[in-house]
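Shown next: upload37.csv, containing CSV, C-alpha atoms.
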chain,number,residue,atom,x,y,z
A,1,MET,CA,8.1,-5.7,22.7
A,2,THR,CA,5.6,-3.0,21.9
A,3,ILE,CA,4.3,-1.3,18.8
A,4,LYS,CA,5.9,1.9,19.9
A,5,SER,CA,9.4,0.4,20.6
A,6,LEU,CA,9.4,-0.9,17.0
A,7,ILE,CA,8.8,2.5,15.4
A,8,ARG,CA,12.2,4.1,14.5
A,9,THR,CA,12.8,7.9,14.9
A,10,ILE,CA,14.9,9.5,12.3
A,11,PRO,CA,16.0,13.0,13.4
A,12,ASP,CA,16.0,15.9,11.0
A,13,TYR,CA,14.0,14.2,8.3
A,14,PRO,CA,12.7,15.5,6.0
A,15,LYS,CA,14.3,18.7,7.3
A,16,PRO,CA,16.2,20.0,10.4
A,17,GLY,CA,14.2,19.9,13.6
A,18,ILE,CA,11.7,17.2,12.5
A,19,MET,CA,11.7,13.9,14.3
A,20,PHE,CA,10.4,11.5,11.7
A,21,ARG,CA,8.5,8.5,13.0
A,22,ASP,CA,9.3,5.7,10.7
A,23,ILE,CA,6.9,2.7,10.8
A,24,THR,CA,8.9,0.6,8.3
A,25,THR,CA,10.8,-1.0,11.2
A,26,LEU,CA,7.5,-1.9,12.7
A,27,LEU,CA,6.1,-3.4,9.5
A,28,LYS,CA,9.2,-5.5,8.6
A,29,ASP,CA,8.9,-7.3,12.0
A,30,PRO,CA,6.4,-10.2,11.5
A,31,LEU,CA,5.1,-9.8,15.0
A,32,GLY,CA,5.1,-6.0,14.8
A,33,LEU,CA,2.9,-6.1,11.7
A,34,ARG,CA,0.6,-8.6,13.1
A,35,MET,CA,0.2,-6.8,16.5
A,36,SER,CA,-0.4,-3.5,14.6
A,37,ILE,CA,-3.2,-4.9,12.3
A,38,ASP,CA,-4.8,-6.9,15.1
A,39,ALA,CA,-4.8,-3.8,17.4
A,40,LEU,CA,-6.4,-1.7,14.7
A,41,ALA,CA,-8.9,-4.5,14.1
A,42,GLU,CA,-9.7,-4.8,17.8
A,43,ARG,CA,-10.2,-1.0,18.1
A,44,CYS,CA,-12.6,-1.1,15.1
A,45,LEU,CA,-14.6,-3.9,16.7
A,46,ARG,CA,-14.6,-2.2,20.1
A,47,ALA,CA,-15.7,1.1,18.7
A,48,GLN,CA,-19.0,-0.5,17.6
A,49,THR,CA,-19.3,1.9,14.7
A,50,PRO,CA,-20.1,-0.5,11.9
A,51,PHE,CA,-18.6,0.2,8.5
A,52,ASP,CA,-18.7,-1.4,5.0
A,53,CYS,CA,-15.3,-0.7,3.5
A,54,ILE,CA,-11.8,0.6,4.3
A,55,VAL,CA,-10.3,3.6,2.5
A,56,GLY,CA,-6.5,3.9,2.7
A,57,ILE,CA,-4.4,6.9,1.9
A,58,GLU,CA,-1.4,6.6,-0.4
A,59,ALA,CA,1.1,5.2,0.2
A,60,ARG,CA,1.7,3.9,3.8
A,61,GLY,CA,-2.1,3.8,4.3
A,62,PHE,CA,-2.2,1.2,1.6
A,63,ILE,CA,0.0,-1.3,3.5
A,64,LEU,CA,-2.1,-1.0,6.7
A,65,GLY,CA,-5.5,-0.6,5.0
A,66,GLY,CA,-5.0,-3.6,2.7
A,67,ALA,CA,-4.0,-5.8,5.6
A,68,LEU,CA,-6.8,-4.5,7.8
A,69,ALA,CA,-9.4,-4.9,5.1
A,70,TYR,CA,-8.2,-8.5,4.7
A,71,ALA,CA,-8.3,-9.1,8.4
A,72,LEU,CA,-11.8,-7.8,8.8
A,73,GLY,CA,-13.3,-9.2,5.6
A,74,LYS,CA,-14.0,-5.8,4.0
A,75,GLY,CA,-13.2,-4.3,0.6
A,76,PHE,CA,-10.4,-1.8,0.2
A,77,VAL,CA,-10.5,1.6,-1.7
A,78,PRO,CA,-7.4,3.7,-2.4
A,79,VAL,CA,-7.2,7.4,-2.1
A,80,ARG,CA,-4.3,8.4,-4.4
A,81,LYS,CA,-2.1,11.4,-5.4
A,82,LYS,CA,-3.5,13.3,-8.4
A,83,GLY,CA,-3.2,11.6,-11.7
A,84,LYS,CA,-2.6,8.0,-10.5
A,85,LEU,CA,-6.1,6.5,-10.7
A,86,PRO,CA,-7.2,5.3,-14.2
A,87,GLY,CA,-11.0,5.8,-14.0
A,88,ALA,CA,-13.2,8.9,-13.5
A,89,VAL,CA,-12.3,10.6,-10.2
A,90,VAL,CA,-13.2,13.4,-7.8
A,91,THR,CA,-10.4,15.6,-6.5
A,92,GLN,CA,-9.7,17.4,-3.3
A,93,GLU,CA,-7.1,20.1,-2.8
A,94,TYR,CA,-5.5,20.5,0.7
A,95,GLN,CA,-2.9,22.7,2.4
A,96,LEU,CA,0.7,21.7,2.9
A,97,GLU,CA,3.1,23.6,5.0
A,98,TYR,CA,4.2,25.4,1.8
A,99,GLY,CA,1.7,25.2,-1.0
A,100,THR,CA,-1.1,22.7,-1.7
A,101,ASP,CA,-1.5,19.1,-2.9
A,102,LYS,CA,-4.3,17.1,-4.4
A,103,ILE,CA,-5.7,13.7,-3.8
A,104,GLU,CA,-8.3,11.7,-5.7
A,105,ILE,CA,-10.7,8.8,-5.4
A,106,HIS,CA,-12.6,6.9,-8.1
A,107,LYS,CA,-16.1,8.3,-8.6
A,108,ASP,CA,-17.6,4.8,-8.4
A,109,ALA,CA,-15.5,3.6,-5.5
A,110,ILE,CA,-18.0,4.5,-2.8
A,111,ALA,CA,-21.8,4.1,-3.2
A,112,PRO,CA,-24.0,6.7,-1.5
A,113,GLY,CA,-24.6,5.8,2.1
A,114,THR,CA,-21.6,3.5,2.4
A,115,ARG,CA,-20.0,3.7,5.8
A,116,VAL,CA,-16.2,4.0,5.6
A,117,LEU,CA,-13.2,3.4,7.9
A,118,LEU,CA,-10.4,5.7,6.8
A,119,VAL,CA,-6.9,4.4,7.6
A,120,ASP,CA,-3.5,6.1,7.5
A,121,ASP,CA,-0.2,5.5,9.4
A,122,LEU,CA,0.1,8.8,11.2
A,123,LEU,CA,-2.0,11.7,12.4
A,124,ALA,CA,-0.1,14.9,12.3
A,125,THR,CA,-2.2,18.1,11.5
A,126,GLY,CA,-5.0,15.9,10.1
A,127,GLY,CA,-5.0,17.8,6.8
A,128,THR,CA,-4.7,14.7,4.6
A,129,ALA,CA,-7.3,12.8,6.6
A,130,LEU,CA,-9.7,15.7,6.3
A,131,ALA,CA,-9.1,16.0,2.6
A,132,ALA,CA,-9.7,12.2,2.2
A,133,ALA,CA,-12.9,12.5,4.3
A,134,SER,CA,-14.1,15.3,1.9
A,135,LEU,CA,-13.6,12.9,-1.0
A,136,ILE,CA,-15.7,10.2,0.7
A,137,GLU,CA,-18.4,12.7,1.5
A,138,LYS,CA,-18.4,14.1,-2.1
A,139,LEU,CA,-19.5,10.6,-3.2
A,140,GLY,CA,-22.2,10.4,-0.5
A,141,GLY,CA,-20.2,8.1,1.8
A,142,ILE,CA,-20.1,8.4,5.6
A,143,VAL,CA,-16.8,8.5,7.5
A,144,ALA,CA,-17.7,6.2,10.3
A,145,GLU,CA,-14.3,6.3,12.0
A,146,MET,CA,-10.7,7.0,11.2
A,147,GLY,CA,-7.8,4.8,12.4
A,148,PHE,CA,-4.1,5.7,12.7
A,149,ILE,CA,-1.1,3.9,14.2
A,150,VAL,CA,0.8,7.0,15.4
A,151,ASP,CA,-0.6,10.3,16.9
A,152,LEU,CA,1.6,13.4,17.1
A,153,PRO,CA,-0.6,15.3,19.5
A,154,ASP,CA,1.7,18.4,19.4
A,155,LEU,CA,0.6,19.0,15.8
A,156,GLY,CA,-3.1,19.3,16.6
A,157,GLY,CA,-4.6,16.6,14.4
A,158,SER,CA,-6.8,15.2,17.2
A,159,LYS,CA,-8.3,18.6,17.8
A,160,ASN,CA,-8.8,19.3,14.1
A,161,LEU,CA,-10.7,16.0,13.6
A,162,THR,CA,-12.7,16.2,16.8
A,163,SER,CA,-13.8,19.8,16.2
A,164,ARG,CA,-15.2,18.7,12.8
A,165,GLY,CA,-17.1,15.9,14.4
A,166,TYR,CA,-15.0,13.0,13.2
A,167,ARG,CA,-14.4,9.9,15.4
A,168,PHE,CA,-11.0,8.4,15.3
A,169,PHE,CA,-8.5,6.2,17.2
A,170,THR,CA,-4.7,6.0,17.4
A,171,LEU,CA,-2.5,3.2,18.8
A,172,VAL,CA,0.6,5.1,20.1
A,173,GLU,CA,1.6,8.7,20.8
A,174,PHE,CA,4.9,10.5,20.3
A,175,GLU,CA,5.0,13.9,22.0
A,176,GLY,CA,7.9,16.3,21.4
A,177,GLU,CA,10.4,13.9,22.7
B,1,MET,CA,-17.5,-14.6,-9.6
B,2,THR,CA,-13.8,-14.9,-10.5
B,3,ILE,CA,-10.8,-12.7,-9.8
B,4,LYS,CA,-10.6,-11.9,-13.5
B,5,SER,CA,-14.2,-10.9,-13.8
B,6,LEU,CA,-13.7,-8.3,-11.0
B,7,ILE,CA,-10.7,-6.6,-12.8
B,8,ARG,CA,-11.9,-3.7,-14.9
B,9,THR,CA,-10.4,-2.8,-18.2
B,10,ILE,CA,-10.0,1.0,-19.0
B,11,PRO,CA,-9.3,1.5,-22.7
B,12,ASP,CA,-6.8,4.1,-23.9
B,13,TYR,CA,-5.3,4.7,-20.4
B,14,PRO,CA,-2.7,6.1,-19.8
B,15,LYS,CA,-2.6,6.7,-23.6
B,16,PRO,CA,-4.4,5.6,-26.8
B,17,GLY,CA,-4.1,1.9,-27.6
B,18,ILE,CA,-3.4,0.8,-24.0
B,19,MET,CA,-5.9,-1.5,-22.3
B,20,PHE,CA,-5.3,-0.7,-18.6
B,21,ARG,CA,-6.2,-3.5,-16.2
B,22,ASP,CA,-7.6,-1.8,-13.1
B,23,ILE,CA,-7.5,-4.0,-10.0
B,24,THR,CA,-9.3,-1.3,-7.8
B,25,THR,CA,-12.6,-2.9,-8.7
B,26,LEU,CA,-11.3,-6.3,-7.5
B,27,LEU,CA,-9.9,-4.8,-4.2
B,28,LYS,CA,-13.0,-2.9,-3.3
B,29,ASP,CA,-15.1,-6.1,-3.4
B,30,PRO,CA,-14.7,-7.8,0.0
B,31,LEU,CA,-14.8,-11.3,-1.5
B,32,GLY,CA,-12.5,-10.2,-4.4
B,33,LEU,CA,-9.9,-9.0,-2.0
B,34,ARG,CA,-10.1,-12.1,0.2
B,35,MET,CA,-10.0,-14.4,-2.8
B,36,SER,CA,-7.0,-12.6,-4.3
B,37,ILE,CA,-4.9,-12.7,-1.1
B,38,ASP,CA,-5.9,-16.3,-0.3
B,39,ALA,CA,-5.0,-17.3,-3.8
B,40,LEU,CA,-1.6,-15.6,-3.6
B,41,ALA,CA,-1.1,-17.2,-0.1
B,42,GLU,CA,-2.0,-20.6,-1.4
B,43,ARG,CA,0.4,-20.3,-4.4
B,44,CYS,CA,3.2,-19.3,-2.0
B,45,LEU,CA,2.5,-22.4,0.2
B,46,ARG,CA,2.2,-24.7,-2.8
B,47,ALA,CA,5.4,-23.4,-4.4
B,48,GLN,CA,7.3,-24.8,-1.3
B,49,THR,CA,10.0,-22.2,-1.7
B,50,PRO,CA,10.3,-20.9,1.9
B,51,PHE,CA,10.7,-17.2,2.5
B,52,ASP,CA,11.2,-14.9,5.4
B,53,CYS,CA,9.7,-11.6,4.4
B,54,ILE,CA,7.5,-9.9,1.7
B,55,VAL,CA,8.7,-7.0,-0.3
B,56,GLY,CA,6.0,-4.9,-2.0
B,57,ILE,CA,6.5,-2.4,-4.8
B,58,GLU,CA,4.9,1.1,-4.5
B,59,ALA,CA,2.0,1.7,-4.7
B,60,ARG,CA,-0.4,-1.1,-5.6
B,61,GLY,CA,2.1,-3.7,-4.4
B,62,PHE,CA,1.7,-2.2,-0.9
B,63,ILE,CA,-2.0,-3.1,-0.7
B,64,LEU,CA,-1.4,-6.7,-1.8
B,65,GLY,CA,1.9,-7.1,0.0
B,66,GLY,CA,0.7,-5.8,3.3
B,67,ALA,CA,-2.4,-8.0,3.3
B,68,LEU,CA,-0.4,-11.1,2.2
B,69,ALA,CA,2.3,-10.5,4.8
B,70,TYR,CA,-0.5,-10.3,7.4
B,71,ALA,CA,-2.1,-13.5,6.1
B,72,LEU,CA,1.1,-15.5,6.1
B,73,GLY,CA,2.5,-14.0,9.4
B,74,LYS,CA,5.6,-12.4,7.7
B,75,GLY,CA,7.1,-9.0,7.9
B,76,PHE,CA,6.6,-6.4,5.1
B,77,VAL,CA,9.3,-4.3,3.4
B,78,PRO,CA,8.4,-1.5,1.0
B,79,VAL,CA,10.3,-0.7,-2.2
B,80,ARG,CA,9.5,3.0,-2.9
B,81,LYS,CA,10.0,5.6,-5.6
B,82,LYS,CA,13.1,7.7,-5.1
B,83,GLY,CA,13.2,10.1,-2.2
B,84,LYS,CA,10.3,8.6,-0.2
B,85,LEU,CA,12.1,6.5,2.4
B,86,PRO,CA,13.5,8.4,5.4
B,87,GLY,CA,16.5,6.2,6.3
B,88,ALA,CA,19.7,5.2,4.4
B,89,VAL,CA,18.8,3.6,1.1
B,90,VAL,CA,20.2,1.7,-1.9
B,91,THR,CA,18.9,2.9,-5.3
B,92,GLN,CA,18.2,1.1,-8.6
B,93,GLU,CA,17.6,2.8,-11.9
B,94,TYR,CA,15.4,1.1,-14.5
B,95,GLN,CA,14.2,1.7,-18.1
B,96,LEU,CA,10.7,3.1,-18.8
B,97,GLU,CA,9.3,3.3,-22.3
B,98,TYR,CA,10.6,6.8,-22.5
B,99,GLY,CA,13.5,7.6,-20.1
B,100,THR,CA,14.3,6.0,-16.7
B,101,ASP,CA,13.0,5.9,-13.2
B,102,LYS,CA,14.5,5.0,-9.8
B,103,ILE,CA,13.3,2.9,-6.9
B,104,GLU,CA,14.8,2.5,-3.4
B,105,ILE,CA,14.9,0.2,-0.4
B,106,HIS,CA,16.1,0.9,3.2
B,107,LYS,CA,19.7,-0.5,3.5
B,108,ASP,CA,18.8,-2.2,6.8
B,109,ALA,CA,15.5,-3.6,5.5
B,110,ILE,CA,16.9,-7.0,4.4
B,111,ALA,CA,19.6,-8.9,6.3
B,112,PRO,CA,22.0,-10.9,4.1
B,113,GLY,CA,20.7,-14.3,3.4
B,114,THR,CA,17.0,-13.3,3.9
B,115,ARG,CA,14.7,-15.1,1.5
B,116,VAL,CA,12.1,-12.7,0.0
B,117,LEU,CA,8.8,-13.0,-1.8
B,118,LEU,CA,8.4,-10.0,-4.1
B,119,VAL,CA,4.8,-8.9,-4.7
B,120,ASP,CA,3.2,-6.5,-7.2
B,121,ASP,CA,-0.2,-6.3,-8.8
B,122,LEU,CA,0.8,-6.8,-12.5
B,123,LEU,CA,3.6,-8.3,-14.6
B,124,ALA,CA,4.1,-6.3,-17.8
B,125,THR,CA,7.7,-6.2,-19.2
B,126,GLY,CA,9.0,-7.2,-15.8
B,127,GLY,CA,11.3,-4.1,-15.6
B,128,THR,CA,10.1,-2.9,-12.2
B,129,ALA,CA,10.2,-6.4,-10.7
B,130,LEU,CA,13.8,-6.9,-12.0
B,131,ALA,CA,14.9,-3.5,-10.6
B,132,ALA,CA,13.3,-4.5,-7.2
B,133,ALA,CA,15.1,-7.9,-7.3
B,134,SER,CA,18.4,-6.0,-7.9
B,135,LEU,CA,17.7,-3.9,-4.8
B,136,ILE,CA,17.1,-7.1,-2.7
B,137,GLU,CA,20.3,-8.7,-4.1
B,138,LYS,CA,22.4,-5.6,-3.4
B,139,LEU,CA,21.5,-6.1,0.3
B,140,GLY,CA,22.5,-9.8,0.1
B,141,GLY,CA,18.9,-11.0,0.1
B,142,ILE,CA,17.6,-13.9,-2.1
B,143,VAL,CA,14.5,-13.5,-4.3
B,144,ALA,CA,12.8,-16.8,-3.5
B,145,GLU,CA,9.8,-16.1,-5.6
B,146,MET,CA,7.7,-13.3,-7.2
B,147,GLY,CA,3.9,-13.1,-7.1
B,148,PHE,CA,1.6,-11.0,-9.3
B,149,ILE,CA,-2.2,-11.0,-9.7
B,150,VAL,CA,-2.2,-10.1,-13.4
B,151,ASP,CA,0.1,-11.3,-16.2
B,152,LEU,CA,0.2,-9.5,-19.5
B,153,PRO,CA,2.0,-12.2,-21.5
B,154,ASP,CA,2.1,-10.1,-24.7
B,155,LEU,CA,4.6,-7.8,-23.0
B,156,GLY,CA,7.2,-10.4,-22.4
B,157,GLY,CA,7.6,-10.2,-18.6
B,158,SER,CA,7.4,-13.9,-18.0
B,159,LYS,CA,10.2,-14.5,-20.5
B,160,ASN,CA,12.3,-11.8,-19.0
B,161,LEU,CA,12.0,-13.2,-15.5
B,162,THR,CA,12.5,-16.8,-16.5
B,163,SER,CA,15.5,-16.1,-18.6
B,164,ARG,CA,17.2,-14.4,-15.6
B,165,GLY,CA,16.4,-17.4,-13.4
B,166,TYR,CA,13.6,-16.0,-11.3
B,167,ARG,CA,10.7,-18.1,-10.1
B,168,PHE,CA,7.3,-16.4,-10.2
B,169,PHE,CA,3.6,-17.0,-10.3
B,170,THR,CA,0.6,-15.0,-11.5
B,171,LEU,CA,-3.2,-15.5,-10.9
B,172,VAL,CA,-4.8,-14.3,-14.1
B,173,GLU,CA,-3.8,-13.5,-17.7
B,174,PHE,CA,-5.0,-10.8,-20.1
B,175,GLU,CA,-3.8,-11.4,-23.6
B,176,GLY,CA,-4.4,-8.7,-26.3
B,177,GLU,CA,-8.1,-8.8,-26.0
Go through the file and emit its structure as structure tokens.
Amino acid sequence: MTIKSLIRTIPDYPKPGIMFRDITTLLKDPLGLRMSIDALAERCLRAQTPFDCIVGIEARGFILGGALAYALGKGFVPVRKKGKLPGAVVTQEYQLEYGTDKIEIHKDAIAPGTRVLLVDDLLATGGTALAAASLIEKLGGIVAEMGFIVDLPDLGGSKNLTSRGYRFFTLVEFEGE
Amino acid sequence: MTIKSLIRTIPDYPKPGIMFRDITTLLKDPLGLRMSIDALAERCLRAQTPFDCIVGIEARGFILGGALAYALGKGFVPVRKKGKLPGAVVTQEYQLEYGTDKIEIHKDAIAPGTRVLLVDDLLATGGTALAAASLIEKLGGIVAEMGFIVDLPDLGGSKNLTSRGYRFFTLVEFEGE
């Protein structure tokens, strides 16, 4: 059993032609969840880029980020959709395929100089991760590393992150298959 | 330092007169996150009601549920807002103060007879937890126990859960203070 074999592909979701990589089948498997978090933790330790806290992106990044923060003994900070956080926030707009969206972080969530590991389930174009990185940097934080379970290399996310100088790792790849 | 002392209260959010109990300050503290998950895990073990998987309610229940599932070696299943899950779902409507909302679970997420621990951050009226319990039961699952960090006893959630025969535990209480 591998992490990749536990990820389900749902064709034509959310629209025709898209092969949706669904990690819920990975997470509901006790060994799958454990393997995934342990693999992320091991990559963090192996990367030897120290960090102080984990930021997870709503909503699937919360499941992974919470578990990883627990596993590594770090704190967890959520990046949420606009209007969901109760305290004072900073906001970042980012491009979607059609239109734009906004994400937010609490202003006091990251102290200046804090080194952050940013976590999400999947790297597609990298748009959301770059927006979340901007939020962290607006607060004076440093994005030490980003971690994802799934990479969709056809969508160019790796290139977008690398060209902007971000370090990241992924656990499994799905090419146009 | 206690779990309760790390929870921040934001007055008049989301509207005048509401004292919002914000757990993000608890979660961003490494020791706070660890204490919270360990306390939930210990309550699960002490309750001696065995369960097979953990269901977390979007979105804050994902952070806690993911970490708790990892800590206890269980699988994690998300209950999400309507339209967010990619596979076939069952849906449950529930009452809000004004109007209604809908939550969903993947049809194949819970096998009949599976014993479930339901996790969320906060017990207010219990409406969302009862709706999530209905989803689990529609799939033939059994709600073995529910776990929350915060109880707001003034809002009647404990009574609503108990009167329907659900077992649950909470870690800290905030009365009208």
Within 8 Å of chain A: residues of chain B, using only C-alpha atoms, as a PyMOL selection string: chain B and resi 10+13-14+20+22+24-25+27-34+37+53+58-60+62-71+73-78+86-87+109
Selection file, C-alpha atoms, as a JSON list (two decimals), keeping the file's coordinate frame:
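Everything below was put into out24.json:
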[["chain", "number", "residue", "atom", "x", "y", "z"],
["B", 10, "ILE", "CA", -10.00, 1.00, -19.00],
["B", 13, "TYR", "CA", -5.30, 4.70, -20.40],
["B", 14, "PRO", "CA", -2.70, 6.10, -19.80],
["B", 20, "PHE", "CA", -5.30, -0.70, -18.60],
["B", 22, "ASP", "CA", -7.60, -1.80, -13.10],
["B", 24, "THR", "CA", -9.30, -1.30, -7.80],
["B", 25, "THR", "CA", -12.60, -2.90, -8.70],
["B", 27, "LEU", "CA", -9.90, -4.80, -4.20],
["B", 28, "LYS", "CA", -13.00, -2.90, -3.30],
["B", 29, "ASP", "CA", -15.10, -6.10, -3.40],
["B", 30, "PRO", "CA", -14.70, -7.80, 0.00],
["B", 31, "LEU", "CA", -14.80, -11.30, -1.50],
["B", 32, "GLY", "CA", -12.50, -10.20, -4.40],
["B", 33, "LEU", "CA", -9.90, -9.00, -2.00],
["B", 34, "ARG", "CA", -10.10, -12.10, 0.20],
["B", 37, "ILE", "CA", -4.90, -12.70, -1.10],
["B", 53, "CYS", "CA", 9.70, -11.60, 4.40],
["B", 58, "GLU", "CA", 4.90, 1.10, -4.50],
["B", 59, "ALA", "CA", 2.00, 1.70, -4.70],
["B", 60, "ARG", "CA", -0.40, -1.10, -5.60],
["B", 62, "PHE", "CA", 1.70, -2.20, -0.90],
["B", 63, "ILE", "CA", -2.00, -3.10, -0.70],
["B", 64, "LEU", "CA", -1.40, -6.70, -1.80],
["B", 65, "GLY", "CA", 1.90, -7.10, 0.00],
["B", 66, "GLY", "CA", 0.70, -5.80, 3.30],
["B", 67, "ALA", "CA", -2.40, -8.00, 3.30],
["B", 68, "LEU", "CA", -0.40, -11.10, 2.20],
["B", 69, "ALA", "CA", 2.30, -10.50, 4.80],
["B", 70, "TYR", "CA", -0.50, -10.30, 7.40],
["B", 71, "ALA", "CA", -2.10, -13.50, 6.10],
["B", 73, "GLY", "CA", 2.50, -14.00, 9.40],
["B", 74, "LYS", "CA", 5.60, -12.40, 7.70],
["B", 75, "GLY", "CA", 7.10, -9.00, 7.90],
["B", 76, "PHE", "CA", 6.60, -6.40, 5.10],
["B", 77, "VAL", "CA", 9.30, -4.30, 3.40],
["B", 78, "PRO", "CA", 8.40, -1.50, 1.00],
["B", 86, "PRO", "CA", 13.50, 8.40, 5.40],
["B", 87, "GLY", "CA", 16.50, 6.20, 6.30],
["B", 109, "ALA", "CA", 15.50, -3.60, 5.50]]
Spatial neighbours of stretch 146-155 of chain A, max dist 10 Å, all atoms listed in the file, sep filter under 5 positions, as a PyMOL selection string: chain A and resi 3-4+7+21-23+36-37+39-41+43-44+54-56+61+64-65+116-126+129+133+160-161+166-176
One-decimal distance in Å that lies between atom CA of A:Val143 and atom CA of A:Ile103: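 For atom CA of A:Ile103 relative to atom CA of A:Val143, the distance reads 16.7 Å.
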RMSD after least-squares fit, chain B onto chain A [all C-alpha atoms, in order]: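 C-alpha RMSD after optimal superposition stands at 0.1 Å.
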Å distance separating atom CA of B:Pro16 from atom CA of B:Ala131, one decimal place: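 Straight-line distance from atom CA of B:Pro16 to atom CA of B:Ala131 works out to 26.8 Å.
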Would you mind putting back N, CA and C atoms on stretch 17-28 of chain A, then writing it out as a PDB file, keeping the file's coordinate frame?
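For reference, result21.pdb as written:
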ATOM      1  N   GLY A  17      15.187  19.623  12.543  1.00  0.00           N
ATOM      2  CA  GLY A  17      14.200  19.900  13.600  1.00  0.00           C
ATOM      3  C   GLY A  17      13.039  18.936  13.617  1.00  0.00           C
ATOM      4  N   ILE A  18      12.808  18.200  12.516  1.00  0.00           N
ATOM      5  CA  ILE A  18      11.700  17.200  12.500  1.00  0.00           C
ATOM      6  C   ILE A  18      12.173  15.875  12.944  1.00  0.00           C
ATOM      7  N   MET A  19      11.422  15.284  13.879  1.00  0.00           N
ATOM      8  CA  MET A  19      11.700  13.900  14.300  1.00  0.00           C
ATOM      9  C   MET A  19      10.733  13.013  13.544  1.00  0.00           C
ATOM     10  N   PHE A  20      11.245  12.338  12.522  1.00  0.00           N
ATOM     11  CA  PHE A  20      10.400  11.500  11.700  1.00  0.00           C
ATOM     12  C   PHE A  20      10.121  10.170  12.296  1.00  0.00           C
ATOM     13  N   ARG A  21       8.839   9.804  12.446  1.00  0.00           N
ATOM     14  CA  ARG A  21       8.500   8.500  13.000  1.00  0.00           C
ATOM     15  C   ARG A  21       8.298   7.519  11.896  1.00  0.00           C
ATOM     16  N   ASP A  22       9.201   6.578  11.820  1.00  0.00           N
ATOM     17  CA  ASP A  22       9.300   5.700  10.700  1.00  0.00           C
ATOM     18  C   ASP A  22       8.730   4.306  11.038  1.00  0.00           C
ATOM     19  N   ILE A  23       7.594   3.971  10.420  1.00  0.00           N
ATOM     20  CA  ILE A  23       6.900   2.700  10.800  1.00  0.00           C
ATOM     21  C   ILE A  23       7.488   1.519   9.956  1.00  0.00           C
ATOM     22  N   THR A  24       8.447   1.746   9.057  1.00  0.00           N
ATOM     23  CA  THR A  24       8.900   0.600   8.300  1.00  0.00           C
ATOM     24  C   THR A  24       9.592  -0.452   9.144  1.00  0.00           C
ATOM     25  N   THR A  25      10.188  -0.009  10.257  1.00  0.00           N
ATOM     26  CA  THR A  25      10.800  -1.000  11.200  1.00  0.00           C
ATOM     27  C   THR A  25       9.757  -1.791  11.928  1.00  0.00           C
ATOM     28  N   LEU A  26       8.590  -1.202  12.116  1.00  0.00           N
ATOM     29  CA  LEU A  26       7.500  -1.900  12.700  1.00  0.00           C
ATOM     30  C   LEU A  26       6.904  -2.968  11.725  1.00  0.00           C
ATOM     31  N   LEU A  27       6.760  -2.549  10.480  1.00  0.00           N
ATOM     32  CA  LEU A  27       6.100  -3.400   9.500  1.00  0.00           C
ATOM     33  C   LEU A  27       6.990  -4.576   9.066  1.00  0.00           C
ATOM     34  N   LYS A  28       8.315  -4.377   9.101  1.00  0.00           N
ATOM     35  CA  LYS A  28       9.200  -5.500   8.600  1.00  0.00           C
ATOM     36  C   LYS A  28       9.319  -6.570   9.706  1.00  0.00           C
TER      37      LYS A  28
END
